[in-house]
Structure formats: structure tokens, C-alpha cells
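This is run.pdb. It holds PDB, C-alpha atoms, pLDDT in the B column.
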```pdb
ATOM      1  CA  MET M   1     -39.993  12.766 -19.861  1.00 44.00           C
ATOM      2  CA  THR M   2     -36.780  11.474 -21.435  1.00 46.00           C
ATOM      3  CA  ASP M   3     -33.288  12.519 -20.422  1.00 43.00           C
ATOM      4  CA  SER M   4     -33.011  14.559 -23.622  1.00 44.00           C
ATOM      5  CA  ASP M   5     -36.280  16.365 -22.812  1.00 45.00           C
ATOM      6  CA  GLU M   6     -35.021  17.224 -19.357  1.00 45.00           C
ATOM      7  CA  GLU M   7     -31.699  18.394 -20.789  1.00 43.00           C
ATOM      8  CA  GLY M   8     -33.477  20.847 -23.027  1.00 43.00           C
ATOM      9  CA  ARG M   9     -35.166  22.465 -20.023  1.00 46.00           C
ATOM     10  CA  LEU M  10     -31.961  23.028 -18.068  1.00 44.00           C
ATOM     11  CA  SER M  11     -29.920  26.209 -18.088  1.00 46.00           C
ATOM     12  CA  ASP M  12     -26.800  26.583 -20.204  1.00 34.00           C
ATOM     13  CA  LYS M  13     -24.789  26.757 -16.994  1.00 45.00           C
ATOM     14  CA  THR M  14     -26.019  23.353 -15.900  1.00 47.00           C
ATOM     15  CA  ARG M  15     -25.488  21.800 -19.332  1.00 41.00           C
ATOM     16  CA  ILE M  16     -21.902  23.091 -19.347  1.00 36.00           C
ATOM     17  CA  ARG M  17     -21.319  21.670 -15.892  1.00 48.00           C
ATOM     18  CA  ARG M  18     -22.777  18.342 -16.959  1.00 44.00           C
ATOM     19  CA  GLY M  19     -20.785  18.217 -20.147  1.00 46.00           C
ATOM     20  CA  GLY M  20     -17.399  18.605 -18.531  1.00 63.00           C
ATOM     21  CA  ILE M  21     -15.566  18.340 -15.250  1.00 77.00           C
ATOM     22  CA  ALA M  22     -14.925  21.435 -13.138  1.00 80.00           C
ATOM     23  CA  PRO M  23     -11.937  23.663 -14.019  1.00 86.00           C
ATOM     24  CA  ALA M  24      -8.651  22.862 -12.296  1.00 90.00           C
ATOM     25  CA  ARG M  25      -8.786  25.932 -10.065  1.00 91.00           C
ATOM     26  CA  GLU M  26     -12.230  24.937  -8.744  1.00 93.00           C
ATOM     27  CA  LYS M  27     -11.061  21.403  -8.001  1.00 94.00           C
ATOM     28  CA  GLN M  28      -7.942  22.691  -6.251  1.00 95.00           C
ATOM     29  CA  ALA M  29      -9.939  25.139  -4.145  1.00 96.00           C
ATOM     30  CA  PHE M  30     -12.431  22.420  -3.207  1.00 97.00           C
ATOM     31  CA  ARG M  31      -9.666  20.038  -2.106  1.00 97.00           C
ATOM     32  CA  ARG M  32      -7.895  22.708  -0.089  1.00 97.00           C
ATOM     33  CA  ARG M  33     -11.014  23.919   1.712  1.00 97.00           C
ATOM     34  CA  LEU M  34     -12.334  20.417   2.363  1.00 98.00           C
ATOM     35  CA  LEU M  35      -9.084  19.118   3.857  1.00 98.00           C
ATOM     36  CA  ALA M  36      -8.659  22.275   5.959  1.00 98.00           C
ATOM     37  CA  TRP M  37     -12.186  21.799   7.303  1.00 98.00           C
ATOM     38  CA  TYR M  38     -11.501  18.109   8.015  1.00 98.00           C
ATOM     39  CA  ASP M  39      -8.297  18.866   9.886  1.00 98.00           C
ATOM     40  CA  ARG M  40     -10.364  20.966  12.303  1.00 97.00           C
ATOM     41  CA  ASN M  41     -13.628  19.008  12.406  1.00 97.00           C
ATOM     42  CA  GLY M  42     -13.103  15.398  11.310  1.00 96.00           C
ATOM     43  CA  ARG M  43     -14.718  12.754  13.524  1.00 96.00           C
ATOM     44  CA  ASP M  44     -12.596  10.298  15.487  1.00 95.00           C
ATOM     45  CA  LEU M  45     -14.123   6.932  14.544  1.00 96.00           C
ATOM     46  CA  PRO M  46     -12.667   3.504  15.386  1.00 96.00           C
ATOM     47  CA  TRP M  47     -12.608   2.213  11.810  1.00 96.00           C
ATOM     48  CA  ARG M  48     -10.486   5.191  10.816  1.00 95.00           C
ATOM     49  CA  ARG M  49      -7.743   3.787  13.009  1.00 93.00           C
ATOM     50  CA  ALA M  50      -8.014   0.357  11.365  1.00 92.00           C
ATOM     51  CA  THR M  51      -5.917  -0.964   8.501  1.00 90.00           C
ATOM     52  CA  ASP M  52      -7.408  -4.471   8.387  1.00 95.00           C
ATOM     53  CA  PRO M  53      -9.527  -4.684   5.192  1.00 97.00           C
ATOM     54  CA  TYR M  54     -12.050  -6.847   7.056  1.00 98.00           C
ATOM     55  CA  ARG M  55     -12.665  -4.146   9.656  1.00 97.00           C
ATOM     56  CA  ILE M  56     -13.078  -1.575   6.908  1.00 97.00           C
ATOM     57  CA  LEU M  57     -15.550  -3.879   5.162  1.00 97.00           C
ATOM     58  CA  VAL M  58     -17.582  -4.381   8.344  1.00 98.00           C
ATOM     59  CA  SER M  59     -17.808  -0.647   8.989  1.00 97.00           C
ATOM     60  CA  GLU M  60     -18.831   0.167   5.423  1.00 96.00           C
ATOM     61  CA  ILE M  61     -21.549  -2.503   5.330  1.00 96.00           C
ATOM     62  CA  MET M  62     -22.866  -1.406   8.727  1.00 96.00           C
ATOM     63  CA  LEU M  63     -22.944   2.257   7.702  1.00 94.00           C
ATOM     64  CA  GLN M  64     -25.183   1.549   4.722  1.00 90.00           C
ATOM     65  CA  GLN M  65     -28.470   3.275   5.580  1.00 86.00           C
ATOM     66  CA  THR M  66     -27.527   3.435   9.288  1.00 91.00           C
ATOM     67  CA  GLN M  67     -26.256   6.418  11.270  1.00 91.00           C
ATOM     68  CA  VAL M  68     -22.844   6.422  12.908  1.00 94.00           C
ATOM     69  CA  ASP M  69     -24.122   6.606  16.490  1.00 94.00           C
ATOM     70  CA  ARG M  70     -26.093   3.387  16.013  1.00 95.00           C
ATOM     71  CA  VAL M  71     -23.190   1.616  14.322  1.00 96.00           C
ATOM     72  CA  LEU M  72     -20.516   2.353  16.951  1.00 96.00           C
ATOM     73  CA  PRO M  73     -21.602  -0.107  19.694  1.00 96.00           C
ATOM     74  CA  LYS M  74     -22.554  -2.817  17.186  1.00 97.00           C
ATOM     75  CA  TYR M  75     -19.233  -2.476  15.359  1.00 97.00           C
ATOM     76  CA  ARG M  76     -17.351  -3.241  18.573  1.00 97.00           C
ATOM     77  CA  GLU M  77     -19.653  -6.127  19.486  1.00 97.00           C
ATOM     78  CA  TRP M  78     -19.393  -7.648  16.003  1.00 98.00           C
ATOM     79  CA  LEU M  79     -15.597  -7.603  16.010  1.00 98.00           C
ATOM     80  CA  GLU M  80     -15.444  -9.129  19.479  1.00 97.00           C
ATOM     81  CA  ARG M  81     -17.559 -12.039  18.247  1.00 97.00           C
ATOM     82  CA  PHE M  82     -16.190 -12.274  14.695  1.00 98.00           C
ATOM     83  CA  PRO M  83     -12.654 -10.794  14.790  1.00 98.00           C
ATOM     84  CA  SER M  84     -11.659 -12.003  11.319  1.00 98.00           C
ATOM     85  CA  LEU M  85     -13.033 -13.282   8.046  1.00 98.00           C
ATOM     86  CA  GLU M  86     -12.089 -16.795   9.130  1.00 98.00           C
ATOM     87  CA  ALA M  87     -13.976 -16.442  12.425  1.00 98.00           C
ATOM     88  CA  LEU M  88     -17.077 -15.177  10.658  1.00 98.00           C
ATOM     89  CA  ALA M  89     -16.955 -17.842   7.948  1.00 98.00           C
ATOM     90  CA  ALA M  90     -16.692 -20.578  10.579  1.00 98.00           C
ATOM     91  CA  ARG M  91     -19.949 -19.620  12.280  1.00 97.00           C
ATOM     92  CA  PRO M  92     -23.513 -20.261  11.044  1.00 97.00           C
ATOM     93  CA  VAL M  93     -25.138 -17.379   9.203  1.00 97.00           C
ATOM     94  CA  ARG M  94     -27.847 -17.419  11.885  1.00 97.00           C
ATOM     95  CA  GLU M  95     -25.319 -16.169  14.440  1.00 97.00           C
ATOM     96  CA  ALA M  96     -24.323 -13.324  12.165  1.00 97.00           C
ATOM     97  CA  VAL M  97     -27.945 -12.221  11.789  1.00 97.00           C
ATOM     98  CA  GLU M  98     -28.555 -12.479  15.542  1.00 96.00           C
ATOM     99  CA  THR M  99     -25.454 -10.434  16.341  1.00 97.00           C
ATOM    100  CA  TRP M 100     -26.486  -7.800  13.814  1.00 96.00           C
ATOM    101  CA  TYR M 101     -29.758  -7.053  15.642  1.00 93.00           C
ATOM    102  CA  PRO M 102     -31.166  -4.361  15.909  1.00 93.00           C
ATOM    103  CA  LEU M 103     -29.470  -2.593  12.972  1.00 93.00           C
ATOM    104  CA  GLY M 104     -32.044  -3.927  10.494  1.00 88.00           C
ATOM    105  CA  TYR M 105     -31.676  -4.557   6.761  1.00 89.00           C
ATOM    106  CA  ASN M 106     -30.707  -8.133   7.579  1.00 91.00           C
ATOM    107  CA  ILE M 107     -29.494  -8.836   4.071  1.00 94.00           C
ATOM    108  CA  ARG M 108     -26.312  -7.050   5.171  1.00 96.00           C
ATOM    109  CA  PRO M 109     -25.047  -9.621   7.718  1.00 97.00           C
ATOM    110  CA  ARG M 110     -25.905 -12.367   5.247  1.00 97.00           C
ATOM    111  CA  ARG M 111     -23.800 -10.634   2.625  1.00 97.00           C
ATOM    112  CA  LEU M 112     -20.929 -10.210   5.060  1.00 97.00           C
ATOM    113  CA  HIS M 113     -21.106 -13.899   5.924  1.00 98.00           C
ATOM    114  CA  SER M 114     -21.127 -14.838   2.235  1.00 97.00           C
ATOM    115  CA  ILE M 115     -18.134 -12.572   1.533  1.00 98.00           C
ATOM    116  CA  ALA M 116     -16.244 -14.147   4.453  1.00 98.00           C
ATOM    117  CA  ARG M 117     -16.850 -17.664   3.213  1.00 98.00           C
ATOM    118  CA  GLU M 118     -15.826 -16.791  -0.334  1.00 97.00           C
ATOM    119  CA  ALA M 119     -12.689 -14.993   0.886  1.00 98.00           C
ATOM    120  CA  VAL M 120     -11.699 -18.023   2.960  1.00 98.00           C
ATOM    121  CA  ALA M 121     -12.445 -20.486   0.175  1.00 97.00           C
ATOM    122  CA  ARG M 122     -10.795 -18.583  -2.663  1.00 97.00           C
ATOM    123  CA  TYR M 123      -8.340 -16.017  -1.244  1.00 97.00           C
ATOM    124  CA  GLY M 124      -6.832 -17.534   1.879  1.00 96.00           C
ATOM    125  CA  GLY M 125      -9.053 -15.590   4.257  1.00 96.00           C
ATOM    126  CA  ARG M 126      -8.033 -12.204   2.879  1.00 96.00           C
ATOM    127  CA  LEU M 127      -9.837  -9.562   0.888  1.00 97.00           C
ATOM    128  CA  PRO M 128      -8.126  -8.848  -2.444  1.00 96.00           C
ATOM    129  CA  SER M 129      -7.008  -5.323  -3.222  1.00 96.00           C
ATOM    130  CA  ASP M 130      -7.895  -5.020  -6.913  1.00 95.00           C
ATOM    131  CA  GLU M 131     -11.175  -3.455  -7.971  1.00 97.00           C
ATOM    132  CA  GLN M 132     -12.448  -6.135 -10.338  1.00 97.00           C
ATOM    133  CA  THR M 133     -11.962  -8.961  -7.855  1.00 97.00           C
ATOM    134  CA  LEU M 134     -13.632  -6.985  -5.085  1.00 98.00           C
ATOM    135  CA  LEU M 135     -16.583  -6.269  -7.371  1.00 97.00           C
ATOM    136  CA  SER M 136     -16.936  -9.990  -8.046  1.00 97.00           C
ATOM    137  CA  PHE M 137     -18.124 -10.506  -4.440  1.00 97.00           C
ATOM    138  CA  LYS M 138     -21.880 -10.378  -4.086  1.00 93.00           C
ATOM    139  CA  GLY M 139     -22.590  -7.450  -1.780  1.00 92.00           C
ATOM    140  CA  ILE M 140     -19.569  -5.329  -2.765  1.00 96.00           C
ATOM    141  CA  GLY M 141     -20.462  -2.568  -5.191  1.00 96.00           C
ATOM    142  CA  PRO M 142     -18.421   0.316  -6.626  1.00 96.00           C
ATOM    143  CA  TYR M 143     -18.640   2.442  -3.479  1.00 96.00           C
ATOM    144  CA  THR M 144     -17.623  -0.341  -1.063  1.00 97.00           C
ATOM    145  CA  ALA M 145     -14.845  -1.494  -3.385  1.00 97.00           C
ATOM    146  CA  GLY M 146     -13.510   2.057  -3.553  1.00 97.00           C
ATOM    147  CA  ALA M 147     -13.718   2.438   0.220  1.00 97.00           C
ATOM    148  CA  ILE M 148     -11.777  -0.795   0.816  1.00 97.00           C
ATOM    149  CA  ARG M 149      -9.118   0.144  -1.733  1.00 97.00           C
ATOM    150  CA  SER M 150      -8.768   3.678  -0.371  1.00 97.00           C
ATOM    151  CA  PHE M 151      -9.023   3.062   3.377  1.00 96.00           C
ATOM    152  CA  ALA M 152      -7.442  -0.382   3.718  1.00 96.00           C
ATOM    153  CA  PHE M 153      -4.898  -0.490   0.879  1.00 96.00           C
ATOM    154  CA  GLY M 154      -4.012   3.176   0.473  1.00 94.00           C
ATOM    155  CA  GLN M 155      -4.963   3.241  -3.196  1.00 96.00           C
ATOM    156  CA  ARG M 156      -6.130   6.331  -5.066  1.00 97.00           C
ATOM    157  CA  ALA M 157      -9.745   5.222  -5.410  1.00 97.00           C
ATOM    158  CA  ALA M 158     -12.840   7.412  -5.660  1.00 97.00           C
ATOM    159  CA  ILE M 159     -16.015   6.775  -3.682  1.00 97.00           C
ATOM    160  CA  LEU M 160     -19.585   7.980  -4.136  1.00 96.00           C
ATOM    161  CA  ASP M 161     -22.412   7.373  -1.690  1.00 94.00           C
ATOM    162  CA  THR M 162     -25.555   9.409  -1.041  1.00 92.00           C
ATOM    163  CA  ASN M 163     -23.813  11.989   1.153  1.00 93.00           C
ATOM    164  CA  ILE M 164     -20.890  12.483  -1.211  1.00 96.00           C
ATOM    165  CA  ALA M 165     -23.145  12.677  -4.257  1.00 96.00           C
ATOM    166  CA  ARG M 166     -25.161  15.407  -2.537  1.00 95.00           C
ATOM    167  CA  VAL M 167     -22.030  17.450  -1.739  1.00 97.00           C
ATOM    168  CA  LEU M 168     -20.607  17.195  -5.258  1.00 97.00           C
ATOM    169  CA  PHE M 169     -23.977  17.917  -6.845  1.00 96.00           C
ATOM    170  CA  ARG M 170     -24.571  21.019  -4.754  1.00 96.00           C
ATOM    171  CA  VAL M 171     -21.055  22.422  -5.084  1.00 96.00           C
ATOM    172  CA  PHE M 172     -20.360  21.688  -8.760  1.00 95.00           C
ATOM    173  CA  VAL M 173     -23.748  21.232 -10.480  1.00 94.00           C
ATOM    174  CA  GLY M 174     -26.571  22.904  -8.569  1.00 90.00           C
ATOM    175  CA  GLU M 175     -29.501  22.175 -10.909  1.00 86.00           C
ATOM    176  CA  GLY M 176     -31.287  19.110 -12.239  1.00 85.00           C
ATOM    177  CA  ASP M 177     -32.134  15.770 -10.670  1.00 83.00           C
ATOM    178  CA  PRO M 178     -29.107  14.020  -9.101  1.00 82.00           C
ATOM    179  CA  LYS M 179     -30.960  10.703  -9.226  1.00 81.00           C
ATOM    180  CA  ARG M 180     -30.893  10.690 -13.021  1.00 88.00           C
ATOM    181  CA  ARG M 181     -28.608   7.980 -14.388  1.00 88.00           C
ATOM    182  CA  HIS M 182     -26.529  10.261 -16.592  1.00 91.00           C
ATOM    183  CA  LEU M 183     -26.042  12.764 -13.775  1.00 93.00           C
ATOM    184  CA  ARG M 184     -25.062   9.952 -11.393  1.00 92.00           C
ATOM    185  CA  ARG M 185     -22.373   8.970 -13.893  1.00 94.00           C
ATOM    186  CA  HIS M 186     -21.238  12.574 -14.000  1.00 95.00           C
ATOM    187  CA  LEU M 187     -20.987  12.679 -10.203  1.00 96.00           C
ATOM    188  CA  TRP M 188     -18.789   9.561 -10.294  1.00 96.00           C
ATOM    189  CA  ASP M 189     -16.581  11.357 -12.812  1.00 96.00           C
ATOM    190  CA  LEU M 190     -16.458  14.364 -10.493  1.00 96.00           C
ATOM    191  CA  SER M 191     -15.516  12.189  -7.542  1.00 97.00           C
ATOM    192  CA  ARG M 192     -12.593  10.796  -9.544  1.00 96.00           C
ATOM    193  CA  ALA M 193     -11.605  14.236 -10.836  1.00 96.00           C
ATOM    194  CA  VAL M 194     -11.464  15.995  -7.469  1.00 97.00           C
ATOM    195  CA  LEU M 195      -9.529  13.172  -5.790  1.00 97.00           C
ATOM    196  CA  PRO M 196      -6.067  14.456  -4.811  1.00 96.00           C
ATOM    197  CA  ARG M 197      -2.778  12.663  -5.393  1.00 93.00           C
ATOM    198  CA  ALA M 198      -1.904  12.844  -1.692  1.00 93.00           C
ATOM    199  CA  ARG M 199      -4.023  12.421   1.455  1.00 95.00           C
ATOM    200  CA  VAL M 200      -6.574  10.284  -0.383  1.00 96.00           C
ATOM    201  CA  PHE M 201      -7.643   8.565   2.847  1.00 96.00           C
ATOM    202  CA  ASP M 202      -8.282  11.902   4.575  1.00 97.00           C
ATOM    203  CA  PHE M 203      -9.985  13.381   1.531  1.00 98.00           C
ATOM    204  CA  ASN M 204     -12.509  10.560   1.159  1.00 97.00           C
ATOM    205  CA  GLN M 205     -13.217  10.552   4.886  1.00 97.00           C
ATOM    206  CA  ALA M 206     -13.630  14.320   4.719  1.00 98.00           C
ATOM    207  CA  LEU M 207     -16.215  14.023   1.959  1.00 97.00           C
ATOM    208  CA  MET M 208     -18.304  11.699   4.131  1.00 96.00           C
ATOM    209  CA  ASP M 209     -18.017  13.875   7.244  1.00 96.00           C
ATOM    210  CA  PHE M 210     -18.781  17.036   5.299  1.00 98.00           C
ATOM    211  CA  GLY M 211     -21.919  15.513   3.816  1.00 96.00           C
ATOM    212  CA  ALA M 212     -23.112  14.370   7.230  1.00 95.00           C
ATOM    213  CA  MET M 213     -22.164  17.435   9.278  1.00 96.00           C
ATOM    214  CA  VAL M 214     -22.245  20.508   7.022  1.00 97.00           C
ATOM    215  CA  CYS M 215     -24.190  19.528   3.912  1.00 97.00           C
ATOM    216  CA  PRO M 216     -26.946  17.124   5.043  1.00 96.00           C
ATOM    217  CA  ALA M 217     -30.101  16.603   3.014  1.00 94.00           C
ATOM    218  CA  ARG M 218     -32.085  18.826   5.372  1.00 94.00           C
ATOM    219  CA  LYS M 219     -30.941  22.097   6.905  1.00 94.00           C
ATOM    220  CA  PRO M 220     -27.468  22.386   5.360  1.00 95.00           C
ATOM    221  CA  GLN M 221     -25.152  24.744   7.244  1.00 96.00           C
ATOM    222  CA  CYS M 222     -24.742  27.153   4.333  1.00 96.00           C
ATOM    223  CA  ALA M 223     -23.964  30.209   6.477  1.00 94.00           C
ATOM    224  CA  THR M 224     -20.773  28.638   7.828  1.00 94.00           C
ATOM    225  CA  CYS M 225     -19.914  26.379   4.900  1.00 97.00           C
ATOM    226  CA  PRO M 226     -16.367  26.858   3.548  1.00 96.00           C
ATOM    227  CA  MET M 227     -17.706  26.172   0.030  1.00 96.00           C
ATOM    228  CA  ARG M 228     -20.443  28.825   0.124  1.00 94.00           C
ATOM    229  CA  ARG M 229     -18.715  31.318  -2.199  1.00 90.00           C
ATOM    230  CA  SER M 230     -18.324  28.792  -4.993  1.00 90.00           C
ATOM    231  CA  CYS M 231     -21.299  26.495  -4.354  1.00 95.00           C
ATOM    232  CA  ALA M 232     -23.471  26.172  -7.444  1.00 94.00           C
ATOM    233  CA  ALA M 233     -26.555  25.412  -5.347  1.00 91.00           C
ATOM    234  CA  VAL M 234     -26.562  28.823  -3.619  1.00 85.00           C
ATOM    235  CA  LYS M 235     -25.565  31.018  -6.545  1.00 68.00           C
TER
END
```
Rewritten as C-alpha cells:
Amino acid sequence: MTDSDEEGRLSDKTRIRRGGIAPAREKQAFRRRLLAWYDRNGRDLPWRRATDPYRILVSEIMLQQTQVDRVLPKYREWLERFPSLEALAARPVREAVETWYPLGYNIRPRRLHSIAREAVARYGGRLPSDEQTLLSFKGIGPYTAGAIRSFAFGQRAAILDTNIARVLFRVFVGEGDPKRRHLRRHLWDLSRAVLPRARVFDFNQALMDFGAMVCPARKPQCATCPMRRSCAAVK
């Protein structure tokens, strides 16, 4: 079935939601409720107290397809052994892979090592802050680039990972297949549209916590969810 065939089977409500971004009042209410929830329930994680772009990069790569409780001890161990991009670049990639164990997906430490060597060779051992240069590193995609810009450099940058996509899809869309390419693009647009002017760091962290703690893939906490009255998925 083509995208156009699927579109014809969807409700008018869903087509309207796909065709445009949510009204201003819905975006404002979402921001307000999300940040209020985060102020009460946000997790205290070590990388949230970091401003070093390298530490942000390490945490984001480690958290790809790995739960927070498994990342925490390895994050500390990694930084003790490789405290900077220069320290990582100076060691053989084999050491990076060995230190990574048992997180799995061993392409990730190899990518980190490659990023470190490129940063040392081309940027004086620092990660750049602009989106296009970050995206030029193999292993840094749109989400990771946005996370580094938002969390390390304080820029107004949107992010979209699996958890965030699920939250935005359920709250603002509610029907259809979120894995479809055109709907994924729409969710990126939503992520940019709901991003506030202030408290960008907190807002993006809140999106991730909310997706993990209140709106997981299985058994979402709908009864206590602050978005329940406006959530498209439960209407």
C-alpha cells in the first residue's frame, strides 16, 4: 500500500493533524504541563549536570538502545578511562570496545573513537557547535546533533528519538503508523514547533523522561498523565 492509499483510509481528523502543526494554544498547554511535570518528577542523571560536549556525546551514544540503569555505571567507568576526546583518540580502538563491554552494539564505541580522532585532527580536540559540521561526523545523526547543541551549547535545537516520537504521536496525532516516512517528518516538525524559547534544556530532557516514565511503549500511565484530557490517542 502506498502512502497515498494509506492517507485515503485515515480519518479527516488525522489528515488535518498531519497537514498542519498543532494550534498555538495546544502547544502552549503541552509545554506548560510537560515542564510542570518535569519540575516534580525529572530524573537526576550525571550527564544532566555536565556542560562538556564530549560528556554529552558519550551519554547520548550510550543511551542509544540501552536503558539508563545499564548506562550509569558504564558512563562513569568510560569517563574515568577516557576523560576527553584527546584521551580517547590517543588510545587504540580495541580499548574502547573492551571498555564498552557489556553494553553491546559495539559499533557505538567504534563510532565514538572515530569521532574523537576526527575532532582532534580537524577541530583542536573540540566538538563544533553548528549543526552541519556535527552532522558531517560519521555516527552523529539529527537527534544526536540536536542533543549536543541543546544540552552542551544551550542552543534552541529540537530532538526526536523513539520515546519522543511516541509522545508527540500519541498527544498530537493519535492515528496512523508513526514509522511512515512522511509521518516521521511531521513528528520532526512537531518537535520543532513545540520547542519553547526558554528552558530548552529542561524541555528536551522532560520529553525524554516523560516518554520513559509516563508514556512508554507498553502500559502507558494514562490515568495519571497530565496530557490525558488533550491526548489524541485516548480521545
_Spatial neighbours of range 200-207 of chain M, 6 Å, only C-alpha atoms, chain gap at least 5 places, as a ChimeraX atom specification_ = /M:38,150-151,164
_Since I can't run it myself right now, could you work out what the PyMOL selection byres ((chain M and resi 189-194) around 7) selects here and report it as a VMD selection string?_
chain M and resid 21 27 31 158 to 160 185 to 188 195 to 196
*asked:* Under the rule that only C-alpha atoms are counted, which of M:Ser114, M:Asn106, M:Ser59, M:Thr66 is the nearest residue to Arg91 in chain M?
replied: M:Ser114
*Would you translate the PyMOL selection byres ((chain M and resi 93) around 10) into the concrete set of residues it matches in this file, as a PyMOL selection string?*
chain M and resi 88-92+94-99+109-114
Take the residues from that selection and write them out as a PDB file, in the frame of the given file, keeping C-alpha atoms.
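Dumped to selection-v1.pdb:
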```
ATOM      1  CA  LEU M  88     -17.077 -15.177  10.658  1.00 98.00           C
ATOM      2  CA  ALA M  89     -16.955 -17.842   7.948  1.00 98.00           C
ATOM      3  CA  ALA M  90     -16.692 -20.578  10.579  1.00 98.00           C
ATOM      4  CA  ARG M  91     -19.949 -19.620  12.280  1.00 97.00           C
ATOM      5  CA  PRO M  92     -23.513 -20.261  11.044  1.00 97.00           C
ATOM      6  CA  ARG M  94     -27.847 -17.419  11.885  1.00 97.00           C
ATOM      7  CA  GLU M  95     -25.319 -16.169  14.440  1.00 97.00           C
ATOM      8  CA  ALA M  96     -24.323 -13.324  12.165  1.00 97.00           C
ATOM      9  CA  VAL M  97     -27.945 -12.221  11.789  1.00 97.00           C
ATOM     10  CA  GLU M  98     -28.555 -12.479  15.542  1.00 96.00           C
ATOM     11  CA  THR M  99     -25.454 -10.434  16.341  1.00 97.00           C
ATOM     12  CA  PRO M 109     -25.047  -9.621   7.718  1.00 97.00           C
ATOM     13  CA  ARG M 110     -25.905 -12.367   5.247  1.00 97.00           C
ATOM     14  CA  ARG M 111     -23.800 -10.634   2.625  1.00 97.00           C
ATOM     15  CA  LEU M 112     -20.929 -10.210   5.060  1.00 97.00           C
ATOM     16  CA  HIS M 113     -21.106 -13.899   5.924  1.00 98.00           C
ATOM     17  CA  SER M 114     -21.127 -14.838   2.235  1.00 97.00           C
TER      18      SER M 114
END
```
*Determine the nearest neighbour of Ile56 in chain M from the options M:Ala217, M:Ala147, M:Ala121, M:Cys231, counting only C-alpha atoms.*
M:Ala147
Centre and edge lengths of an axis-aligned box around all listed atoms of range 186-205 of chain M, with 3 Å added on each side, are to be given in Å to one decimal, as AutoDock Vina command-line options.
```
--center_x -11.6 --center_y 12.3 --center_z -4.6 --size_x 25.3 --size_y 13.4 --size_z 24.9
```
*Which is closer to Thr224 in chain M than all the others in M:Met208, M:Trp37, M:Ile61, M:Asn163, using all atoms listed in the file?*
M:Trp37
*Interatomic distance between CA of Val214 in chain M and CA of Ala22 in chain M?*
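Computed distance, CA of Val214 in chain M to CA of Ala22 in chain M, equals 21.5 Å.
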